file work_30.tsv (TSV, C-alpha atoms)
chain	number	residue	atom	x	y	z
A	1	MET	CA	31.84	-1.15	-11.46
A	2	GLY	CA	31.03	2.08	-13.29
A	3	ALA	CA	29.58	0.49	-16.40
A	4	LEU	CA	27.57	-1.98	-14.31
A	5	ASN	CA	26.13	0.88	-12.26
A	6	ILE	CA	25.09	2.72	-15.42
A	7	VAL	CA	23.41	-0.42	-16.80
A	8	THR	CA	21.64	-0.90	-13.46
A	9	TYR	CA	20.36	2.69	-13.46
A	10	ILE	CA	19.06	2.31	-17.02
A	11	PHE	CA	17.29	-0.95	-16.13
A	12	ILE	CA	15.73	0.58	-13.00
A	13	VAL	CA	14.44	3.59	-14.96
A	14	ILE	CA	12.96	1.40	-17.71
A	15	GLY	CA	11.35	-0.92	-15.17
A	16	LEU	CA	9.83	1.84	-13.08
A	17	PHE	CA	8.55	3.65	-16.18
A	18	PHE	CA	6.73	0.58	-17.46
A	19	ASN	CA	5.33	-0.29	-14.04
A	20	VAL	CA	3.92	3.23	-13.62
A	21	VAL	CA	2.47	3.12	-17.14
A	22	GLY	CA	0.83	-0.21	-16.38
A	23	CYS	CA	-0.78	1.10	-13.21
A	24	ILE	CA	-2.04	4.23	-14.98
A	25	GLY	CA	-3.52	2.05	-17.72
A	26	LEU	CA	-5.16	-0.22	-15.16
A	27	ASN	CA	-6.85	2.78	-13.59
A	28	ARG	CA	-7.77	4.68	-16.76
A	29	PHE	CA	-9.00	2.17	-19.34
A	30	PRO	CA	-12.73	1.51	-19.71
A	31	ASP	CA	-13.25	-2.25	-19.61
A	32	VAL	CA	-11.61	-5.45	-18.42
A	33	TYR	CA	-9.88	-6.41	-21.68
A	34	THR	CA	-8.08	-3.12	-22.16
A	35	ARG	CA	-7.17	-3.09	-18.49
A	36	LEU	CA	-5.76	-6.60	-18.84
A	37	HIS	CA	-3.81	-5.52	-21.93
A	38	ALA	CA	-2.25	-2.52	-20.22
A	39	ALA	CA	-1.65	-3.95	-16.78
A	40	THR	CA	-0.32	-7.39	-17.61
A	41	LYS	CA	2.01	-6.52	-20.45
A	42	CYS	CA	3.43	-3.37	-18.91
A	43	THR	CA	3.98	-4.75	-15.42
A	44	THR	CA	5.51	-7.96	-16.76
A	45	PHE	CA	8.01	-6.00	-18.85
A	46	GLY	CA	8.78	-3.58	-16.03
A	47	SER	CA	9.22	-6.31	-13.44
A	48	ILE	CA	11.52	-8.22	-15.80
A	49	PHE	CA	13.73	-5.14	-16.10
A	50	LEU	CA	13.74	-4.46	-12.35
A	51	ILE	CA	14.75	-8.06	-11.57
A	52	MET	CA	17.39	-7.84	-14.30
A	53	ALA	CA	18.78	-4.73	-12.62
A	54	VAL	CA	19.03	-6.69	-9.36
A	55	ILE	CA	20.73	-9.57	-11.21
A	56	VAL	CA	23.28	-7.26	-12.85
A	57	GLN	CA	24.09	-5.53	-9.58
A	58	SER	CA	24.43	-8.74	-7.56
A	59	VAL	CA	26.54	-10.42	-10.24
A	60	GLY	CA	28.80	-7.37	-10.17
A	61	ILE	CA	29.20	-7.60	-6.40
A	62	TRP	CA	29.74	-11.36	-6.73
A	63	ALA	CA	32.52	-10.86	-9.28
A	64	MET	CA	34.08	-8.21	-7.05
A	65	GLU	CA	33.96	-10.20	-3.80
A	66	GLY	CA	35.03	-13.59	-5.11
A	67	ALA	CA	33.43	-16.99	-5.41
A	68	LEU	CA	32.31	-17.36	-1.80
A	69	SER	CA	30.16	-14.24	-1.77
A	70	SER	CA	26.59	-14.40	-0.51
A	71	GLN	CA	25.51	-12.51	-3.64
A	72	SER	CA	25.93	-15.71	-5.68
A	73	ILE	CA	22.84	-17.25	-4.07
A	74	LEU	CA	20.92	-13.99	-4.51
A	75	SER	CA	21.69	-13.66	-8.20
A	76	ILE	CA	20.89	-17.29	-9.05
A	77	HIS	CA	17.65	-17.20	-7.10
A	78	ALA	CA	16.73	-13.92	-8.76
A	79	VAL	CA	17.13	-15.66	-12.13
A	80	ILE	CA	14.77	-18.39	-10.91
A	81	ALA	CA	12.25	-15.75	-9.79
A	82	LEU	CA	12.52	-14.09	-13.21
A	83	VAL	CA	11.77	-17.39	-14.99
A	84	ALA	CA	8.82	-18.08	-12.68
A	85	LEU	CA	7.43	-14.60	-13.35
A	86	LEU	CA	7.86	-15.01	-17.11
A	87	ILE	CA	6.01	-18.32	-17.21
A	88	THR	CA	3.19	-17.54	-14.80
A	89	ASN	CA	2.22	-14.03	-15.93
A	90	ALA	CA	1.41	-14.81	-19.55
A	91	THR	CA	-0.52	-17.95	-18.66
A	92	GLY	CA	-2.47	-16.18	-15.92
A	93	ALA	CA	-3.41	-13.32	-18.24
A	94	HIS	CA	-4.69	-15.79	-20.85
A	95	ALA	CA	-6.78	-17.57	-18.20
A	96	ILE	CA	-8.24	-14.27	-16.99
A	97	ALA	CA	-9.18	-13.17	-20.52
A	98	ARG	CA	-10.83	-16.51	-21.32
A	99	ALA	CA	-12.76	-16.48	-18.05
A	100	ALA	CA	-13.89	-12.90	-18.59
A	101	HIS	CA	-15.15	-13.65	-22.08
A	102	ARG	CA	-16.94	-16.83	-21.08
A	103	SER	CA	-18.61	-15.15	-18.12
A	104	GLY	CA	-20.32	-12.77	-20.53
A	105	GLU	CA	-18.21	-9.67	-20.06
A	106	LYS	CA	-18.53	-7.33	-23.05
A	107	PRO	CA	-15.89	-4.88	-24.29
A	108	ALA	CA	-16.81	-1.24	-23.85
A	109	ARG	CA	-18.48	0.31	-26.91
A	110	ALA	CA	-18.17	-2.98	-28.80
A	111	VAL	CA	-20.27	-3.35	-31.93
A	112	VAL	CA	-19.30	-6.82	-33.15
A	113	ASP	CA	-18.10	-9.72	-31.03
A	114	ASP	CA	-16.40	-12.17	-33.35
A	115	LEU	CA	-16.16	-14.87	-30.70
A	116	GLU	CA	-19.91	-14.88	-29.92
A	117	GLY	CA	-21.07	-18.43	-29.35
A	118	LYS	CA	-17.80	-20.03	-30.39
A	119	ASP	CA	-16.86	-21.65	-27.10
A	120	ILE	CA	-17.02	-25.16	-28.50
A	121	ASP	CA	-13.96	-26.78	-26.99
A	122	ASP	CA	-15.47	-28.00	-23.75
B	1	MET	CA	24.16	4.71	-3.00
B	2	MET	CA	21.99	3.06	-5.59
B	3	TRP	CA	18.40	3.91	-6.42
B	4	TRP	CA	16.83	0.94	-4.68
B	5	LEU	CA	14.91	2.91	-2.05
B	6	PRO	CA	13.22	5.33	-4.52
B	7	ALA	CA	12.44	2.35	-6.75
B	8	ALA	CA	10.82	0.55	-3.83
B	9	ILE	CA	8.79	3.64	-2.93
B	10	VAL	CA	7.53	4.06	-6.51
B	11	MET	CA	6.60	0.37	-6.60
B	12	ALA	CA	4.67	0.75	-3.33
B	13	VAL	CA	2.72	3.69	-4.79
B	14	CYS	CA	1.90	1.61	-7.88
B	15	MET	CA	0.71	-1.18	-5.62
B	16	LEU	CA	-1.57	1.23	-3.77
B	17	ALA	CA	-3.11	2.33	-7.09
B	18	CYS	CA	-3.73	-1.31	-8.05
B	19	ILE	CA	-5.27	-2.06	-4.65
B	20	ALA	CA	-7.61	0.91	-5.11
B	21	ARG	CA	-8.69	-0.66	-8.41
B	22	ILE	CA	-9.35	-3.92	-6.56
B	23	PHE	CA	-11.77	-2.13	-4.25
B	24	ILE	CA	-13.59	0.08	-6.78
B	25	GLY	CA	-13.37	-2.01	-9.94
B	26	PRO	CA	-16.75	-3.09	-11.29
B	27	GLY	CA	-17.17	-6.82	-11.57
B	28	ALA	CA	-15.12	-9.83	-10.64
B	29	PRO	CA	-12.83	-10.03	-13.77
B	30	THR	CA	-11.56	-6.46	-13.28
B	31	ARG	CA	-10.79	-7.21	-9.65
B	32	LEU	CA	-8.92	-10.34	-10.71
B	33	VAL	CA	-6.86	-8.33	-13.22
B	34	ALA	CA	-5.95	-5.79	-10.53
B	35	PHE	CA	-5.04	-8.57	-8.12
B	36	ASP	CA	-2.78	-10.25	-10.69
B	37	THR	CA	-1.03	-6.93	-11.35
B	38	THR	CA	-0.53	-6.43	-7.63
B	39	ASN	CA	1.02	-9.89	-7.35
B	40	THR	CA	3.52	-9.12	-10.12
B	41	LEU	CA	4.49	-5.87	-8.41
B	42	VAL	CA	4.89	-7.67	-5.08
B	43	VAL	CA	7.32	-10.16	-6.62
B	44	ALA	CA	9.46	-7.41	-8.17
B	45	LEU	CA	9.39	-5.41	-4.91
B	46	LEU	CA	10.50	-8.46	-2.91
B	47	VAL	CA	13.49	-9.00	-5.20
B	48	ILE	CA	14.45	-5.32	-4.87
B	49	LEU	CA	14.15	-5.48	-1.07
B	50	ALA	CA	16.32	-8.60	-1.03
B	51	LEU	CA	19.19	-6.68	-2.59
B	52	MET	CA	18.48	-3.60	-0.44
B	53	PHE	CA	18.60	-5.44	2.90
B	54	ASN	CA	21.02	-8.15	1.66
B	55	GLN	CA	18.62	-10.95	2.63
B	56	VAL	CA	18.54	-13.95	0.30
B	57	VAL	CA	15.37	-15.28	1.95
B	58	PHE	CA	13.26	-12.55	0.34
B	59	VAL	CA	14.01	-13.93	-3.13
B	60	ASP	CA	12.89	-17.40	-2.09
B	61	VAL	CA	9.69	-15.87	-0.73
B	62	ALA	CA	9.26	-14.10	-4.07
B	63	ILE	CA	9.58	-17.37	-6.03
B	64	VAL	CA	7.02	-19.16	-3.87
B	65	TYR	CA	4.72	-16.12	-3.99
B	66	ALA	CA	4.86	-16.03	-7.79
B	67	VAL	CA	3.92	-19.70	-8.14
B	68	LEU	CA	1.18	-19.61	-5.52
B	69	SER	CA	-0.37	-16.41	-6.90
B	70	PHE	CA	-0.39	-18.04	-10.35
B	71	ILE	CA	-2.32	-20.99	-8.94
B	72	MET	CA	-4.72	-18.59	-7.21
B	73	THR	CA	-5.29	-16.71	-10.47
B	74	LEU	CA	-6.08	-19.91	-12.37
B	75	TYR	CA	-8.44	-21.06	-9.63
B	76	VAL	CA	-10.38	-17.80	-9.43
B	77	ALA	CA	-10.52	-17.66	-13.24
B	78	ARG	CA	-12.14	-21.10	-13.30
B	79	PHE	CA	-14.57	-19.88	-10.66
B	80	ILE	CA	-15.47	-16.77	-12.70
B	81	GLU	CA	-15.94	-18.95	-15.76
B	82	GLY	CA	-18.73	-20.65	-13.86
B	83	LYS	CA	-17.93	-24.27	-14.52
B	84	LYS	CA	-17.31	-27.33	-12.41
B	85	PHE	CA	-13.72	-28.07	-11.54

call {"tool": "encode", "arguments": {"input": "work_30.tsv", "output": "structure tokens"}}
result
Amino acid sequence: MGALNIVTYIFIVIGLFFNVVGCIGLNRFPDVYTRLHAATKCTTFGSIFLIMAVIVQSVGIWAMEGALSSQSILSIHAVIALVALLITNATGAHAIARAAHRSGEKPARAVVDDLEGKDIDD
Amino acid sequence: MMWWLPAAIVMAVCMLACIARIFIGPGAPTRLVAFDTTNTLVVALLVILALMFNQVVFVDVAIVYAVLSFIMTLYVARFIEGKKF
């Protein structure tokens, strides 16, 4: 149990650090694209590590208590939640960026917009 | 005792910062970004609380919340884009 606890502490610290960094970036960056960059990447990474800490801890309790433990359901469902988070976050961030660009949102202090007038796929 | 309660408190503070950005953020895309970030934090917080209180139901709620918030994000993004559905 000692090694599993150490791994869990490391995962919790990494996850909380990246979540806090993502929230600071969301509140400090100047325009929507940089905010999307900071917030989505950092909170996805941090949430992945927090859920992995939960998975490690519950699998440890499961292995300690035997096959009929209630932690088995928790760990498997946490894996499903992790997969759902992985799939949905990247896709949602892409949709937000495309919608922001097509609605005419400009980057802060931008000089050249390489994608100007190139929305030809619809 | 593990560090689940301090982790949950830090996550709640992060969520409050994101909700403040929802209220003050200029324009609809920034608000949508802040809302998406808040949804991610809510999912992670629900999984942590499930292990803290030993309730498996919270993880199921987290799965459904992740999928539904993804659908909401896509829908509002289409609305911001300004096209027909």

call {"tool": "closest_residue", "arguments": {"input": "work_30.tsv", "among": "B:Cys18, B:Leu32, B:Val43, B:Leu5", "to": "Val67 (chain B)", "atoms": "only C-alpha atoms"}}
result
B:Val43

call {"tool": "closest_atom_pairs", "arguments": {"input": "work_30.tsv", "of": "chain A", "to": "chain B", "cutoff": "8 Å", "atoms": "all atoms listed in the file", "output": "CSV"}}
result
residue,atom,partner,partner_atom,distance
A:Tyr9,CA,B:Trp3,CA,7.4
A:Ile12,CA,B:Ala7,CA,7.3
A:Leu16,CA,B:Ala7,CA,6.9
A:Asn19,CA,B:Cys14,CA,7.3
A:Val20,CA,B:Cys14,CA,6.3
A:Cys23,CA,B:Cys14,CA,6.0
A:Leu26,CA,B:Ala34,CA,7.3
A:Asn27,CA,B:Arg21,CA,6.5
A:Asp31,CA,B:Thr30,CA,7.8
A:Val32,CA,B:Thr30,CA,5.2
A:Arg35,CA,B:Val33,CA,7.4
A:Leu36,CA,B:Val33,CA,6.0
A:Ala39,CA,B:Thr37,CA,6.2
A:Thr40,CA,B:Thr37,CA,6.3
A:Thr43,CA,B:Thr37,CA,6.8
A:Thr44,CA,B:Thr40,CA,7.0
A:Ser47,CA,B:Ala44,CA,5.4
A:Ile48,CA,B:Ala44,CA,7.9
A:Leu50,CA,B:Ala44,CA,6.7
A:Ile51,CA,B:Ala44,CA,6.3
A:Val54,CA,B:Ile48,CA,6.6
A:Ser58,CA,B:Leu51,CA,7.5
A:Ile73,CA,B:Val56,CA,7.0
A:Leu74,CA,B:Val56,CA,5.4
A:His77,CA,B:Val59,CA,6.3
A:Ala78,CA,B:Val59,CA,6.3
A:Ile80,CA,B:Ile63,CA,7.2
A:Ala81,CA,B:Ile63,CA,4.9
A:Ala84,CA,B:Ala66,CA,6.6
A:Leu85,CA,B:Ala66,CA,6.3
A:Thr88,CA,B:Phe70,CA,5.7
A:Asn89,CA,B:Phe70,CA,7.4
A:Gly92,CA,B:Thr73,CA,6.2
A:Ala93,CA,B:Val33,CA,7.9
A:Ala95,CA,B:Ala77,CA,6.2
A:Ile96,CA,B:Ala77,CA,5.5
A:Arg98,CA,B:Glu81,CA,7.9
A:Ala99,CA,B:Glu81,CA,4.6
A:Ala100,CA,B:Pro29,CA,5.7
A:Arg102,CA,B:Glu81,CA,5.8
A:Ser103,CA,B:Glu81,CA,5.2

call {"tool": "residues_near_point", "arguments": {"input": "work_30.tsv", "point": "(15.2, -12.1, -16.2)", "cutoff": "6 Å", "atoms": "all atoms listed in the file", "output": "list in words"}}
result
Ile48, Met52, Val79 and Leu82 of chain A

call {"tool": "axis_aligned_box", "arguments": {"input": "work_30.tsv", "around": "region 23-35 of chain B", "padding_each_side": "5 Å", "output": "AutoDock Vina command-line options"}}
result
--center_x -11.1 --center_y -5.1 --center_z -9.0 --size_x 22.1 --size_y 20.4 --size_z 19.5

call {"tool": "atom_distance", "arguments": {"input": "work_30.tsv", "atom1": "CA of Leu115 (chain A)", "atom2": "CA of Ile87 (chain A)"}}
result
26.2 Å
